[in-house]
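For reference, target.cif is printed below; it contains mmCIF, C-alpha atoms (C1' of nucleotides).
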```cif
data_start
loop_
_atom_site.label_atom_id
_atom_site.label_comp_id
_atom_site.auth_asym_id
_atom_site.auth_seq_id
_atom_site.Cartn_x
_atom_site.Cartn_y
_atom_site.Cartn_z
CA MET A 1 0.00 0.00 0.00
CA ALA A 2 2.65 2.42 1.03
CA ARG A 3 4.71 2.84 -2.10
CA TYR A 4 6.63 5.69 -0.55
CA GLY A 5 8.43 5.22 2.73
CA LYS A 6 6.05 5.94 5.57
CA GLU A 7 8.30 8.65 6.89
CA HIS A 8 8.36 10.60 3.64
CA LYS A 9 5.08 12.47 3.92
CA LEU A 10 5.53 12.87 7.65
CA ALA A 11 8.94 14.42 7.12
CA THR A 12 7.52 16.80 4.52
CA ARG A 13 4.73 17.75 6.88
CA GLN A 14 7.21 18.41 9.65
CA ARG A 15 9.34 20.52 7.32
CA ILE A 16 6.29 22.65 6.43
CA ILE A 17 5.43 23.05 10.11
CA GLU A 18 8.90 24.21 11.02
CA THR A 19 9.42 26.65 8.17
CA ALA A 20 5.89 27.97 8.68
CA GLY A 21 6.62 28.60 12.34
CA ARG A 22 9.54 30.80 11.40
CA ARG A 23 7.63 32.57 8.63
CA PHE A 24 4.66 33.32 10.88
CA LYS A 25 6.95 34.84 13.49
CA ARG A 26 8.71 36.97 10.90
CA SER A 27 5.75 38.17 8.82
CA GLY A 28 2.76 37.54 11.03
CA ILE A 29 -0.09 35.10 10.44
CA ASP A 30 -2.20 37.29 8.16
CA GLY A 31 1.00 38.45 6.53
CA SER A 32 1.98 34.93 5.42
CA GLY A 33 0.22 33.47 2.40
CA VAL A 34 -0.11 29.75 1.72
CA ALA A 35 2.03 29.97 -1.43
CA THR A 36 4.84 31.65 0.50
CA LEU A 37 4.63 29.16 3.34
CA MET A 38 4.95 26.27 0.90
CA ALA A 39 7.75 27.91 -1.06
CA ASP A 40 9.65 28.20 2.21
CA ALA A 41 9.45 24.42 2.49
CA GLY A 42 10.51 23.99 -1.14
CA LEU A 43 7.02 23.12 -2.38
CA THR A 44 4.16 24.75 -4.26
CA ASN A 45 0.76 25.84 -3.03
CA GLY A 46 -1.17 22.91 -4.47
CA ALA A 47 0.41 20.38 -2.14
CA PHE A 48 -0.70 22.27 0.94
CA TYR A 49 -4.13 20.70 1.31
CA ALA A 50 -2.72 17.20 1.21
CA HIS A 51 -1.11 17.99 4.55
CA PHE A 52 -3.49 20.38 6.31
CA GLU A 53 -7.20 21.01 6.30
CA SER A 54 -6.82 24.77 6.21
CA LYS A 55 -4.43 27.57 6.93
CA GLU A 56 -5.88 27.89 10.43
CA ASP A 57 -5.10 24.20 10.95
CA LEU A 58 -1.45 24.89 10.11
CA VAL A 59 -1.41 27.91 12.41
CA ALA A 60 -2.50 25.84 15.38
CA THR A 61 -0.10 23.02 14.52
CA ALA A 62 2.88 25.30 13.91
CA VAL A 63 2.40 27.39 17.05
CA SER A 64 1.96 24.25 19.12
CA ASP A 65 5.08 22.75 17.59
CA GLN A 66 7.11 25.87 18.28
CA LEU A 67 6.09 25.82 21.92
CA ARG A 68 6.83 22.12 22.23
CA GLU A 69 10.29 22.65 20.79
CA GLN A 70 10.87 25.55 23.14
CA ARG A 71 9.76 23.43 26.06
CA GLU A 72 12.24 20.70 25.16
CA ARG A 73 15.06 23.21 24.93
CA LEU A 74 14.14 24.60 28.32
CA ALA A 75 14.21 21.18 29.90
CA ALA A 76 17.95 21.07 29.24
CA VAL A 77 18.92 24.08 31.34
CA ALA A 78 19.95 23.79 34.98
CA PRO A 79 17.10 22.62 37.22
CA GLY A 80 15.37 24.57 39.97
CA ARG A 81 15.16 28.29 40.45
CA ALA A 82 18.71 28.90 39.22
CA GLY A 83 17.62 27.59 35.83
CA LEU A 84 14.58 29.83 35.92
CA GLU A 85 16.76 32.89 36.29
CA GLN A 86 18.85 31.76 33.36
CA ILE A 87 15.69 31.35 31.28
CA VAL A 88 14.42 34.80 32.18
CA ARG A 89 17.71 36.43 31.22
CA ALA A 90 17.83 34.63 27.88
CA TYR A 91 14.20 35.49 27.14
CA LEU A 92 14.65 39.17 27.85
CA SER A 93 17.93 39.45 25.95
CA PRO A 94 18.64 41.78 23.01
CA GLU A 95 19.38 38.67 20.91
CA HIS A 96 15.92 37.29 21.47
CA ARG A 97 14.37 40.68 20.78
CA ASP A 98 16.28 41.13 17.53
CA HIS A 99 15.51 37.68 16.11
CA PRO A 100 11.79 37.09 16.45
CA GLU A 101 11.76 34.36 13.80
CA GLU A 102 13.86 32.14 16.04
CA GLY A 103 12.19 33.09 19.27
CA CYS A 104 9.03 32.67 21.28
CA PRO A 105 5.82 32.46 19.25
CA SER A 106 3.86 34.15 22.01
CA ALA A 107 5.99 37.26 21.80
CA ALA A 108 5.71 37.35 18.02
CA LEU A 109 2.08 36.38 17.55
CA LEU A 110 0.07 36.67 20.75
CA ASP A 111 -2.43 39.26 19.66
CA GLU A 112 -2.99 37.55 16.34
CA ILE A 113 -3.51 34.27 18.18
CA SER A 114 -6.08 35.92 20.42
CA ARG A 115 -8.09 36.75 17.29
CA CYS A 116 -8.02 33.13 16.11
CA GLY A 117 -10.85 30.68 16.46
CA GLU A 118 -11.51 28.77 19.64
CA PRO A 119 -9.87 25.46 18.57
CA THR A 120 -6.63 27.25 17.73
CA ARG A 121 -6.67 29.12 21.02
CA ARG A 122 -7.33 25.92 22.93
CA THR A 123 -4.32 24.26 21.31
CA TYR A 124 -2.27 27.31 22.21
CA THR A 125 -3.52 27.26 25.79
CA ASP A 126 -2.58 23.61 26.24
CA SER A 127 0.90 24.16 24.83
CA VAL A 128 1.57 27.17 27.02
CA LEU A 129 0.31 25.43 30.14
CA ALA A 130 2.68 22.53 29.55
CA ILE A 131 5.59 24.98 29.73
CA MET A 132 4.07 26.75 32.70
CA ASP A 133 3.83 23.50 34.62
CA ASP A 134 7.51 22.89 34.00
CA PHE A 135 8.24 26.36 35.33
CA ALA A 136 6.02 25.83 38.33
CA ALA A 137 7.83 22.60 39.16
CA ARG A 138 11.10 24.50 39.14
CA LEU A 139 9.80 27.25 41.35
CA ALA A 140 7.86 25.19 43.90
CA PRO A 141 8.53 21.46 43.59
CA GLU A 142 6.36 20.74 46.61
CA ASP A 143 3.31 22.68 45.43
CA PRO A 144 3.42 23.29 41.66
CA GLU A 145 -0.36 23.71 41.46
CA SER A 146 -0.46 26.99 43.33
CA ALA A 147 2.62 28.30 41.53
CA ARG A 148 0.91 28.02 38.16
CA THR A 149 -0.70 31.45 38.23
CA THR A 150 2.54 32.99 39.47
CA VAL A 151 4.65 31.66 36.62
CA LEU A 152 1.91 32.41 34.10
CA SER A 153 1.84 36.04 35.20
CA VAL A 154 5.62 36.24 34.95
CA TYR A 155 5.40 34.77 31.46
CA ALA A 156 2.89 37.48 30.55
CA LEU A 157 5.31 40.08 31.86
CA MET A 158 8.13 38.69 29.73
CA VAL A 159 5.98 38.49 26.59
CA GLY A 160 4.74 42.06 26.96
CA THR A 161 8.21 43.37 27.73
CA LEU A 162 9.77 41.72 24.69
CA GLN A 163 6.99 42.95 22.39
CA LEU A 164 7.25 46.51 23.64
CA SER A 165 11.02 46.44 23.36
CA ARG A 166 10.62 45.35 19.73
CA ALA A 167 8.21 48.15 18.92
CA LEU A 168 10.13 51.04 20.46
CA THR A 169 12.46 52.99 18.18
CA ASP A 170 14.45 54.46 21.07
CA GLN A 171 17.28 51.95 21.33
CA LYS A 172 18.45 52.89 24.79
CA LEU A 173 14.93 52.87 26.17
CA ALA A 174 14.29 49.46 24.62
CA ASP A 175 17.46 48.10 26.25
CA ASP A 176 16.61 49.63 29.62
CA LEU A 177 13.17 48.10 29.39
CA LEU A 178 14.63 44.63 28.96
CA GLU A 179 16.88 45.03 31.99
CA GLN A 180 14.07 46.39 34.11
CA GLY A 181 11.94 43.47 32.91
CA ILE A 182 14.55 41.00 34.18
CA ARG A 183 14.60 42.69 37.60
CA ASN A 184 10.81 42.70 37.75
CA ALA A 185 10.47 39.07 36.73
CA LEU A 186 13.04 37.88 39.25
CA ALA A 187 11.43 39.95 42.00
CA LEU A 188 8.00 38.47 41.27
CA LEU A 189 9.38 34.94 41.36
CA ASP A 190 10.27 35.40 45.03
CA MET B 1 -10.37 78.93 -2.66
CA ALA B 2 -11.97 76.68 -0.14
CA ARG B 3 -15.32 75.94 -1.70
CA TYR B 4 -16.19 73.48 1.01
CA GLY B 5 -15.95 74.49 4.62
CA LYS B 6 -12.48 73.76 5.83
CA GLU B 7 -13.84 71.55 8.55
CA HIS B 8 -15.63 69.22 6.16
CA LYS B 9 -12.71 67.22 4.87
CA LEU B 10 -11.05 67.37 8.26
CA ALA B 11 -14.16 65.95 9.89
CA THR B 12 -14.29 63.14 7.33
CA ARG B 13 -10.64 62.39 7.92
CA GLN B 14 -11.20 62.26 11.66
CA ARG B 15 -14.17 59.93 11.17
CA ILE B 16 -12.01 57.57 9.11
CA ILE B 17 -9.28 57.65 11.76
CA GLU B 18 -11.66 56.79 14.56
CA THR B 19 -13.55 53.99 12.83
CA ALA B 20 -10.24 52.61 11.53
CA GLY B 21 -8.87 52.55 15.07
CA ARG B 22 -11.73 50.37 16.19
CA ARG B 23 -11.56 48.14 13.10
CA PHE B 24 -7.83 47.57 13.47
CA LYS B 25 -8.26 46.54 17.10
CA ARG B 26 -11.06 44.16 16.22
CA SER B 27 -9.67 42.53 13.06
CA GLY B 28 -5.98 43.33 13.16
CA ILE B 29 -4.02 45.53 10.78
CA ASP B 30 -3.39 42.95 8.07
CA GLY B 31 -6.93 41.71 8.62
CA SER B 32 -8.49 45.06 7.72
CA GLY B 33 -8.71 46.00 4.04
CA VAL B 34 -8.95 49.57 2.78
CA ALA B 35 -12.44 48.97 1.36
CA THR B 36 -13.69 47.75 4.73
CA LEU B 37 -12.04 50.61 6.58
CA MET B 38 -13.72 53.13 4.30
CA ALA B 39 -17.09 51.38 4.42
CA ASP B 40 -16.92 51.65 8.21
CA ALA B 41 -16.73 55.41 7.74
CA GLY B 42 -19.59 55.39 5.23
CA LEU B 43 -17.34 55.88 2.19
CA THR B 44 -15.85 53.82 -0.63
CA ASN B 45 -12.28 52.76 -1.15
CA GLY B 46 -11.46 55.28 -3.86
CA ALA B 47 -11.71 58.23 -1.51
CA PHE B 48 -9.06 56.79 0.75
CA TYR B 49 -6.04 58.24 -1.04
CA ALA B 50 -7.45 61.75 -0.87
CA HIS B 51 -6.97 61.51 2.88
CA PHE B 52 -3.92 59.30 3.42
CA GLU B 53 -0.76 58.53 1.53
CA SER B 54 -1.00 54.83 2.18
CA LYS B 55 -2.51 52.27 4.49
CA GLU B 56 0.59 52.39 6.65
CA ASP B 57 0.07 56.14 6.97
CA LEU B 58 -3.42 55.50 8.33
CA VAL B 59 -2.11 52.86 10.70
CA ALA B 60 0.35 55.28 12.27
CA THR B 61 -2.26 58.03 12.44
CA ALA B 62 -5.00 55.83 13.88
CA VAL B 63 -2.82 54.19 16.53
CA SER B 64 -1.45 57.56 17.55
CA ASP B 65 -4.96 58.97 17.75
CA GLN B 66 -6.14 56.06 19.87
CA LEU B 67 -3.30 56.59 22.33
CA ARG B 68 -3.90 60.33 22.45
CA GLU B 69 -7.56 59.73 23.24
CA GLN B 70 -6.64 57.22 25.91
CA ARG B 71 -4.20 59.69 27.41
CA GLU B 72 -6.90 62.35 27.61
CA ARG B 73 -9.28 59.97 29.33
CA LEU B 74 -6.59 59.01 31.83
CA ALA B 75 -5.93 62.65 32.69
CA ALA B 76 -9.43 62.81 34.17
CA VAL B 77 -8.96 60.19 36.89
CA ALA B 78 -7.86 61.02 40.42
CA PRO B 79 -4.29 62.40 40.54
CA GLY B 80 -1.26 60.75 42.12
CA ARG B 81 -0.66 57.13 42.95
CA ALA B 82 -4.29 56.51 43.95
CA GLY B 83 -5.27 57.30 40.38
CA LEU B 84 -2.58 54.93 39.10
CA GLU B 85 -4.07 52.07 41.04
CA GLN B 86 -7.48 52.86 39.59
CA ILE B 87 -5.99 52.85 36.09
CA VAL B 88 -4.28 49.50 36.62
CA ARG B 89 -7.49 47.90 37.87
CA ALA B 90 -9.49 49.21 34.91
CA TYR B 91 -6.83 48.11 32.45
CA LEU B 92 -6.67 44.58 33.80
CA SER B 93 -10.44 44.19 34.07
CA PRO B 94 -12.53 41.52 32.34
CA GLU B 95 -14.44 44.32 30.59
CA HIS B 96 -11.28 45.62 28.93
CA ARG B 97 -10.23 42.10 28.01
CA ASP B 98 -13.59 41.28 26.43
CA HIS B 99 -13.88 44.47 24.34
CA PRO B 100 -10.59 44.93 22.50
CA GLU B 101 -12.12 47.28 19.90
CA GLU B 102 -12.76 49.87 22.60
CA GLY B 103 -9.55 49.29 24.50
CA CYS B 104 -5.84 49.85 24.39
CA PRO B 105 -4.25 49.65 20.91
CA SER B 106 -1.04 48.26 22.38
CA ALA B 107 -2.82 45.26 23.81
CA ALA B 108 -4.64 44.62 20.55
CA LEU B 109 -1.90 45.36 18.04
CA LEU B 110 1.54 45.45 19.63
CA ASP B 111 3.15 42.63 17.73
CA GLU B 112 1.73 43.82 14.44
CA ILE B 113 3.04 47.30 15.22
CA SER B 114 6.48 45.88 15.91
CA ARG B 115 6.49 44.52 12.34
CA CYS B 116 5.64 47.94 10.88
CA GLY B 117 8.13 50.28 9.29
CA GLU B 118 10.31 52.60 11.30
CA PRO B 119 8.23 55.79 10.83
CA THR B 120 5.14 54.05 12.15
CA ARG B 121 7.03 52.66 15.12
CA ARG B 122 8.48 56.08 15.88
CA THR B 123 5.02 57.61 15.95
CA TYR B 124 3.92 54.80 18.23
CA THR B 125 6.92 55.30 20.51
CA ASP B 126 6.21 59.01 20.87
CA SER B 127 2.56 58.42 21.69
CA VAL B 128 3.32 55.77 24.28
CA LEU B 129 6.00 57.87 25.92
CA ALA B 130 3.57 60.76 26.31
CA ILE B 131 1.35 58.48 28.39
CA MET B 132 4.31 57.08 30.27
CA ASP B 133 5.44 60.56 31.27
CA ASP B 134 1.98 61.23 32.68
CA PHE B 135 2.25 58.02 34.66
CA ALA B 136 5.73 58.86 35.87
CA ALA B 137 4.52 62.25 37.08
CA ARG B 138 1.83 60.52 39.11
CA LEU B 139 4.27 58.07 40.63
CA ALA B 140 7.20 60.38 41.37
CA PRO B 141 6.29 64.06 40.94
CA GLU B 142 9.72 65.13 42.17
CA ASP B 143 11.71 62.89 39.79
CA PRO B 144 9.60 61.76 36.85
CA GLU B 145 12.66 61.16 34.67
CA SER B 146 13.91 58.16 36.61
CA ALA B 147 10.40 56.74 37.00
CA ARG B 148 9.99 56.47 33.24
CA THR B 149 11.52 53.02 32.90
CA THR B 150 9.56 51.80 35.89
CA VAL B 151 6.17 52.81 34.53
CA LEU B 152 7.11 51.59 31.05
CA SER B 153 7.93 48.17 32.44
CA VAL B 154 4.64 48.09 34.31
CA TYR B 155 2.87 49.06 31.11
CA ALA B 156 4.57 46.12 29.37
CA LEU B 157 3.38 43.85 32.15
CA MET B 158 -0.20 45.05 31.72
CA VAL B 159 -0.13 44.72 27.94
CA GLY B 160 1.24 41.18 28.06
CA THR B 161 -1.17 40.14 30.77
CA LEU B 162 -4.21 41.41 28.87
CA GLN B 163 -3.08 39.75 25.64
CA LEU B 164 -2.47 36.43 27.31
CA SER B 165 -5.79 36.61 29.13
CA ARG B 166 -7.48 37.18 25.76
CA ALA B 167 -5.80 34.19 24.17
CA LEU B 168 -6.42 31.62 26.91
CA THR B 169 -9.53 29.47 26.56
CA ASP B 170 -9.55 28.50 30.23
CA GLN B 171 -11.88 31.16 31.64
CA LYS B 172 -10.93 30.75 35.28
CA LEU B 173 -7.24 30.82 34.50
CA ALA B 174 -7.70 33.94 32.38
CA ASP B 175 -9.52 35.65 35.26
CA ASP B 176 -6.90 34.57 37.81
CA LEU B 177 -4.20 35.90 35.53
CA LEU B 178 -5.81 39.34 35.46
CA GLU B 179 -6.02 39.44 39.26
CA GLN B 180 -2.45 38.30 39.67
CA GLY B 181 -1.45 40.92 37.12
CA ILE B 182 -3.04 43.65 39.23
CA ARG B 183 -1.15 42.46 42.33
CA ASN B 184 2.12 42.32 40.40
CA ALA B 185 1.68 45.75 38.84
CA LEU B 186 0.86 47.38 42.16
CA ALA B 187 3.79 45.67 43.86
CA LEU B 188 6.20 46.88 41.17
CA LEU B 189 4.93 50.44 41.47
CA ASP B 190 6.22 50.54 45.08
"C1'" DG C 1 15.55 -6.19 -13.33
"C1'" DC C 2 10.98 -4.32 -14.98
"C1'" DG C 3 6.51 -2.61 -15.42
"C1'" DA C 4 2.16 -1.61 -12.91
"C1'" DT C 5 0.51 0.64 -9.06
"C1'" DT C 6 -0.05 4.26 -5.92
"C1'" DG C 7 1.00 8.23 -3.36
"C1'" DT C 8 3.12 12.90 -3.85
"C1'" DA C 9 3.67 17.22 -5.89
"C1'" DT C 10 2.93 20.42 -9.87
"C1'" DT C 11 0.53 23.37 -12.62
"C1'" DA C 12 -3.67 25.56 -13.72
"C1'" DC C 13 -7.71 27.51 -12.31
"C1'" DG C 14 -11.73 29.93 -9.84
"C1'" DA C 15 -13.54 33.37 -7.16
"C1'" DC C 16 -12.41 36.80 -4.36
"C1'" DC C 17 -9.77 40.56 -2.04
"C1'" DA C 18 -5.55 43.43 -1.58
"C1'" DT C 19 -3.43 48.26 -2.48
"C1'" DA C 20 -3.14 51.98 -5.32
"C1'" DC C 21 -4.59 55.27 -8.77
"C1'" DG C 22 -7.13 57.99 -12.26
"C1'" DA C 23 -11.29 59.52 -14.73
"C1'" DC C 24 -15.66 61.18 -13.92
"C1'" DC C 25 -19.59 63.57 -11.49
"C1'" DA C 26 -22.58 65.96 -8.18
"C1'" DT C 27 -22.44 69.41 -5.11
"C1'" DA C 28 -21.71 73.61 -2.67
"C1'" DA C 29 -19.29 78.07 -2.22
"C1'" DG C 30 -18.21 82.18 -4.37
"C1'" DC D 1 -23.11 80.26 -13.13
"C1'" DT D 2 -18.56 79.03 -12.76
"C1'" DT D 3 -15.16 76.39 -10.42
"C1'" DA D 4 -12.88 73.77 -7.01
"C1'" DT D 5 -13.69 69.83 -4.37
"C1'" DG D 6 -14.99 65.36 -2.12
"C1'" DG D 7 -16.65 61.33 -3.41
"C1'" DT D 8 -17.95 57.27 -6.47
"C1'" DC D 9 -16.73 54.09 -9.63
"C1'" DG D 10 -13.81 51.51 -12.57
"C1'" DT D 11 -9.38 49.62 -13.45
"C1'" DA D 12 -4.59 47.69 -13.09
"C1'" DT D 13 -1.81 44.50 -10.93
"C1'" DG D 14 -1.01 41.22 -7.90
"C1'" DG D 15 -2.19 38.54 -3.90
"C1'" DT D 16 -5.42 35.38 -1.19
"C1'" DC D 17 -7.48 30.52 -0.13
"C1'" DG D 18 -8.95 26.47 -1.84
"C1'" DT D 19 -9.77 22.75 -5.62
"C1'" DA D 20 -9.04 19.86 -9.54
"C1'" DA D 21 -6.75 17.57 -13.27
"C1'" DT D 22 -2.26 16.08 -14.40
"C1'" DA D 23 2.59 14.72 -14.32
"C1'" DC D 24 6.06 12.41 -11.74
"C1'" DA D 25 8.58 9.11 -9.05
"C1'" DA D 26 9.26 5.47 -5.85
"C1'" DT D 27 8.18 1.02 -4.27
"C1'" DC D 28 6.05 -3.38 -4.85
"C1'" DG D 29 5.07 -8.02 -7.06
"C1'" DC D 30 6.61 -10.68 -10.62
#
```
Kindly present the structure from the file in structure tokens form.
Amino acid sequence: MARYGKEHKLATRQRIIETAGRRFKRSGIDGSGVATLMADAGLTNGAFYAHFESKEDLVATAVSDQLREQRERLAAVAPGRAGLEQIVRAYLSPEHRDHPEEGCPSAALLDEISRCGEPTRRTYTDSVLAIMDDFAARLAPEDPESARTTVLSVYALMVGTLQLSRALTDQKLADDLLEQGIRNALALLD
Amino acid sequence: MARYGKEHKLATRQRIIETAGRRFKRSGIDGSGVATLMADAGLTNGAFYAHFESKEDLVATAVSDQLREQRERLAAVAPGRAGLEQIVRAYLSPEHRDHPEEGCPSAALLDEISRCGEPTRRTYTDSVLAIMDDFAARLAPEDPESARTTVLSVYALMVGTLQLSRALTDQKLADDLLEQGIRNALALLD
DNA sequence: GCGATTGTATTACGACCATACGACCATAAG
DNA sequence: CTTATGGTCGTATGGTCGTAATACAATCGC
């Protein structure tokens, strides 16, 4: 039945998901057309609907995949609160700010995501909460449940700070904002 | 020379700016076409370029106008830090979250703004800083200069919190996040 | 090793919408 | 009644999403 290797289509799908994730973060969701997304993966627009039901389907899948990948990377840093501080500093770094296409999808796309349909937002919610639970376990290993809201609110702080730093044209102010954001985040974690 | 009253075209322009501000916040910038924007103002697309050089020109103008209007409204609340607390609570309220088209343009559009061209971002920066300086004067009347970064970072916290609360599908979690955001903002202001 | 089978991707297409602009017209001020 | 003006409409060019018919290529049975 399977004339092609089973992994062939799956690999293509994964390639589309990954290049789309980067494209969305660079150009926005509404700013990325299907033809462009497929060209990024080395394909043409016609093949798109063999892999996804709709563009919105890809959006949910790509954002979820980006967050999953980010979560895996975060699992590698030092455990406990020391690791958390390291994560905060990397998140609110000028490098992260200046390369949105390789960074956090929330920072690049959050207000477009909030205008998406409910299924997409649910997928997003689940993916974010998985990361938040990891954070909560770092912060309060004995009671991660109650730490959930705390880490979520710190995440919101980091997302907003990075977005604002990206929008400001005053370089020094944008840098100061990042540093102040780090201080604020660390203070709220204690 | 002026066959029409001077105020006629100006009034039309202002009407376009105001309806466009609401439309952008509801549907996003890339999600709002020129024809729709003009129809909202009771006109057709052709008249657009008699009022604005380009869509991007309208974006900058509309966002700036929204922030100016917000700044004027904020000037009316009780002075000093008491007023600040009132502002924070209104900003992070479920009402604000559930009606983006009447709310803060930063919360609705920040990551789309950060993908705009430099002139648009500069206009945005100026408008935001005007509000921030008002905030700083409330917080530290004797030294508003050094309070600028503080209030800007709290603004970033509020923007991120509202955006995240809009995106989450878990209602209780979204509500808890708003409340935690209020506590965090107030703590950071002291 | 070879041809038939079968899944993948391409190209072409439809209907619609995007921004931008220019010709035309009704209207209102002088 | 003339004239400048704001607005409508039509057009040019290119993009959008989504679908369908077609070409290609890789694996299987023989």
> Quick one: residues within 8 Å of Ala35 (chain A), only C-alpha atoms (C1' of nucleotides) counted, chain neighbours fewer than 2 positions away excluded, as a ChimeraX atom specification?
Replying inline: /A:33,37-39,44-45
>> Suppose a student applies the PyMOL selection byres ((chain D and resi 21) around 9) to this structure; what residues should they get, written as a PyMOL selection string?
In response: (chain C and resi 12) or (chain D and resi 20+22)
> Neighbours of Phe52 (chain A) within 12 Å (all atoms listed in the file; same-chain residues fewer than 3 positions away dropped), as number ranges by chain?
Replying inline: A: 9-10, 12-14, 16-17, 34, 38, 45-49, 55-62; D: 18
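Residues selected in this file by the PyMOL selection byres ((chain C) within 12 of (chain A)) comprise DA4, DT5, DT6, DG7, DT8, DA9, DT10, DT11, DA12, DC13 and DA18 of chain C.
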>> Using only C-alpha atoms (C1' of nucleotides) and a distance of at most 12 Å, pull out the residues of chain D that contact chain A, as number ranges by chain.
In response: D: 15-21, 25-29
>> Running the PyMOL selection byres ((chain A) within 7 of (chain B)) on this model by hand, what would come out? Give it as a PyMOL selection string.
In response: chain A and resi 30-31+108-111+113-114+121-122+125+149+153+156-157+159-161+163-164+166-169+176-177+180-181
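Here C1' of DG22 (chain C) and C1' of DG10 (chain D) stand 9.3 Å from one another.
Atom to atom, CA of Asp175 (chain A) and CA of Ile131 (chain B) stand 19.3 Å apart.
Picture a line from CA of Glu69 (chain B) to CA of Pro105 (chain B); it runs 10.9 Å.
Residues in contact range of region 140-147 of chain A, defined as at most 9 Å between all atoms listed in the file, with sequence neighbours fewer than 5 positions away removed, read Gly80, Arg81, Asp133, Asp134, Phe135 and Leu152 of chain A.
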>> Set the distance at 10 Å and use all atoms listed in the file: which residues neighbour Leu84 (chain A) once local chain neighbours fewer than 2 positions away are removed? I'd like the list as a ChimeraX atom specification.
In response: /A:74,77-82,86-90,135-136,138-139,186,189
Starting from 3 Å padding per side, set up an axis-aligned box that covers all listed atoms of region 19-24 of chain B and hand over centre and edge lengths in Å, one decimal, as JSON.
```
{"center_x": -10.7, "center_y": 50.8, "center_z": 13.9, "size_x": 11.7, "size_y": 12.4, "size_z": 10.7}
```
